[in-house]
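Have a look at the structure below before the remarks.
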Amino acid sequence: MESESEMADEVKRKNILHWNYRELDEIPIVVKTHGANVREIYLKWNKLKFLPNWIFELENLQNLYLAGNFIQKLPKEIQYSRLTVLDLNSNKLEFIPTSVASLITLKCLLLDDNFITNIPSDFSQLKNLEYLSICRNQLEILPEWLGSLEKLEDLFVDNNNLEVLPNRLTLAPKLSNISICSNRLRYLPLNGFLSSPFIRFDANRDLNYLSYSLLCQLVSKIRDSLGGDLRNVISRGCFQKTTIESKSRNQKLKISPDDYEGSEEITIEFPPQLLKIHKISDNVVCTLYELALRKVYKNRFHHTLERRLSPLELNIIYEPQCLGNDFQSFCHFFPATLMENGPVSICLNDYCQEPIFTESWIIFRLYSQFYDVPTCALFCSCRCASRFANCFSESRNRYFFN
């Protein structure tokens, strides 16, 4: 091991310190005294158990790599930091202190292989975050505000205990990659994603259907580059369970073998926001509450779909509008999260495209082109569902209704 004087000399001469695999149990103090010009520090696979407060006060430090140590906690206060990359993979963290939220210049945050159970709400301040990886932890939920991080491009949350994804994630403007493999997902968002990201969700055994909107976007991502069994390309290890073991009070729908070319009854579960589910034959009037939600939302956002059949593709248009008087006068009647998180879906009737919040007419179908991936489509009324069904009854695609 180098002497303190040798390390001090190295710190003075270099902007990047490569100190991996040195069995360090603390960060040498010479970094504080002589490291004003240091931009990157690699301290992977050492024996660090904590970080000194001063490490974040180095004026020019941009990248800090600490993977493979024994760090259990971080400083309670962080000041003056200009960090853009913080690597805390493979440590002993059980929670993330809110102090990390003060790293407002952070672009890349790596937290794989820890024992983290939740992401603090203060992290919504990380407006410059582009890359977040928090795989192989103990997360059960992801916060809705993740969809409000305007620069987030890559989200990796494999091997956790997630059962659902936040609906607001569909509104994230720059997401290009989402990986949520090996979780406990029961369903994915029913709405299409604004940024049409590539999504990997292998090995979610409780997942037994996709929304038509999401399927269109996934197919458009792989259509030009991959062939063969698209069911395995889209997701391996899903669509295997026909029954749901969930104890949630969410709305569930049973699909009998008479409604599709299967041998067993299928049960599908919907997000908790969807309070009423109608069959295509249910010619009932929509509730005033749902109608009011749609009107208020449309006064605030321009949110529509552009659907193409050949080739199969779906694009999203989402633009905030000027707040109208209707929104100002009605917004206090509704939970703010309903507006912020967005509708559960957009009506798939091309001539309608109403936002859907709490009530929907459902068409369940199997798209034989994709090797019997169960899908469902949502509509704002019986009329829209019937028009959609009549349109596709003339094509080779087979639609089944419940």
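Letters A, B, ... mark the chains of the structure tokens in the order given; residue numbers begin at 1 per chain; ligand numbers begin at 1, in order shown.
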Nearby residues (only C-alpha atoms) at most 8 Å from Trp361 in chain A, same-chain spacing under 2 positions excluded, as a PyMOL selection string
chain A and resi 277-280+359+363+378-382+385
Which residues in range 89-189 of chain A does DSSP call strand (DSSP E or B)? List them as number ranges by chain.
A: 108-110, 131-133, 154-156, 177-179
Keeping only C-alpha atoms, take the residues you just selected and write them out as a compact mmCIF listing (two decimals), in the first residue's frame.
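Once written, out.txt looks like this:
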```txt
# COMPACT_ATOMS: atom_id res chain seq x y z
CA CYS A 108 -26.51 9.13 -13.20
CA LEU A 109 -27.41 7.33 -9.95
CA LEU A 110 -26.48 3.67 -9.48
CA TYR A 131 -30.05 7.39 -15.67
CA LEU A 132 -31.41 5.56 -12.61
CA SER A 133 -30.59 1.94 -11.82
CA ASP A 154 -33.07 5.09 -18.63
CA LEU A 155 -34.83 3.36 -15.75
CA PHE A 156 -33.68 -0.07 -14.53
CA ASN A 177 -35.37 2.35 -21.88
CA ILE A 178 -37.30 0.71 -19.04
CA SER A 179 -36.25 -2.62 -17.59
```
Could you pull the residues within 9 Å of range 287-290 of chain A, counting only C-alpha atoms, minus those fewer than 4 positions along the same chain, as a PyMOL selection string?
chain A and resi 294-295+356-359
Could you take the residues named above and write them with C-alpha atoms, as a short mmCIF file (atom, residue, chain, number, x, y, z; two decimals), in the first residue's frame?
```cif
data_model
loop_
_atom_site.label_atom_id
_atom_site.label_comp_id
_atom_site.auth_asym_id
_atom_site.auth_seq_id
_atom_site.Cartn_x
_atom_site.Cartn_y
_atom_site.Cartn_z
CA ARG A 294 -62.61 14.16 -18.78
CA LYS A 295 -63.78 17.74 -19.37
CA ILE A 356 -60.49 7.63 -19.44
CA PHE A 357 -60.06 7.88 -15.68
CA THR A 358 -62.39 5.71 -13.58
CA GLU A 359 -64.80 4.03 -15.99
#
```
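With only C-alpha atoms as the atoms that count, the minimum distance from Pro28 in chain A to the choices A:Glu130, A:Asn283, A:Met7, A:Lys14 is reached by A:Met7.
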Write out as an MDAnalysis selection string which residues come within 12 Å of Asn137 in chain A when counting only C-alpha atoms, dropping same-chain ones fewer than 6 positions away.
chainID A and resid 89:96 110:119 156:162 182:183
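These are the residues of range 8-181 of chain A assigned alpha helix (DSSP H) by DSSP from backbone coordinates: A:Ala8, A:Asp9, A:Glu10, A:Val11, A:Lys12, A:Arg13, A:Val30, A:Val31, A:Lys32, A:Thr33, A:His34.
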Write the selection just made, keeping C-alpha atoms, as a PDB file, in the first residue's frame?
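Written output follows (again_16.pdb):
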```pdb
ATOM      1  CA  ALA A   8      -0.700  12.986  -1.575  1.00  0.00           C
ATOM      2  CA  ASP A   9       1.656  13.356  -4.512  1.00  0.00           C
ATOM      3  CA  GLU A  10      -0.706  11.359  -6.715  1.00  0.00           C
ATOM      4  CA  VAL A  11      -3.672  13.507  -5.675  1.00  0.00           C
ATOM      5  CA  LYS A  12      -1.763  16.684  -6.501  1.00  0.00           C
ATOM      6  CA  ARG A  13      -0.758  15.440  -9.954  1.00  0.00           C
ATOM      7  CA  VAL A  30      -5.076  13.702   1.572  1.00  0.00           C
ATOM      8  CA  VAL A  31      -7.992  13.833  -0.858  1.00  0.00           C
ATOM      9  CA  LYS A  32      -9.498  16.619   1.230  1.00  0.00           C
ATOM     10  CA  THR A  33      -6.280  18.560   1.676  1.00  0.00           C
ATOM     11  CA  HIS A  34      -4.913  18.253  -1.868  1.00  0.00           C
TER      12      HIS A  34
END
```
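For the pair CA of Ser256 in chain A and CA of Ile199 in chain A, the separation is 29.1 Å.
Closest to Ala172 in chain A among A:Tyr318, A:Tyr351, A:Phe301, A:Trp45 is A:Tyr318, based on only C-alpha atoms.
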Selection near range 200-210 of chain A, 10 Å with only C-alpha atoms, sequence-local residues under 5 positions removed, as a ChimeraX atom specification:
/A:156-159,162-163,177-190,215-216,218,232-246,266-269,364-366,372-377
CA of Ala389 in chain A to CA of Asn315 in chain A, distance in Å rounded to a single decimal
20.9 Å
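When only C-alpha atoms are used to measure the gap to Gln217 in chain A, the shortest distance among A:Cys135, A:Leu293, A:Ile27, A:Leu305 belongs to A:Leu305.
With CA of Lys151 in chain A on one side and CA of Leu61 in chain A on the other, the separation reads 21.7 Å.
Nearest residue to Leu64 in chain A, choosing from A:Lys276, A:Arg168, A:Arg82, A:Lys221 and counting only C-alpha atoms: A:Arg82.
Closest approach to Tyr42 in chain A among A:His302, A:Arg383, A:Arg307, A:Arg22 is made by A:Arg22 (distances from only C-alpha atoms).
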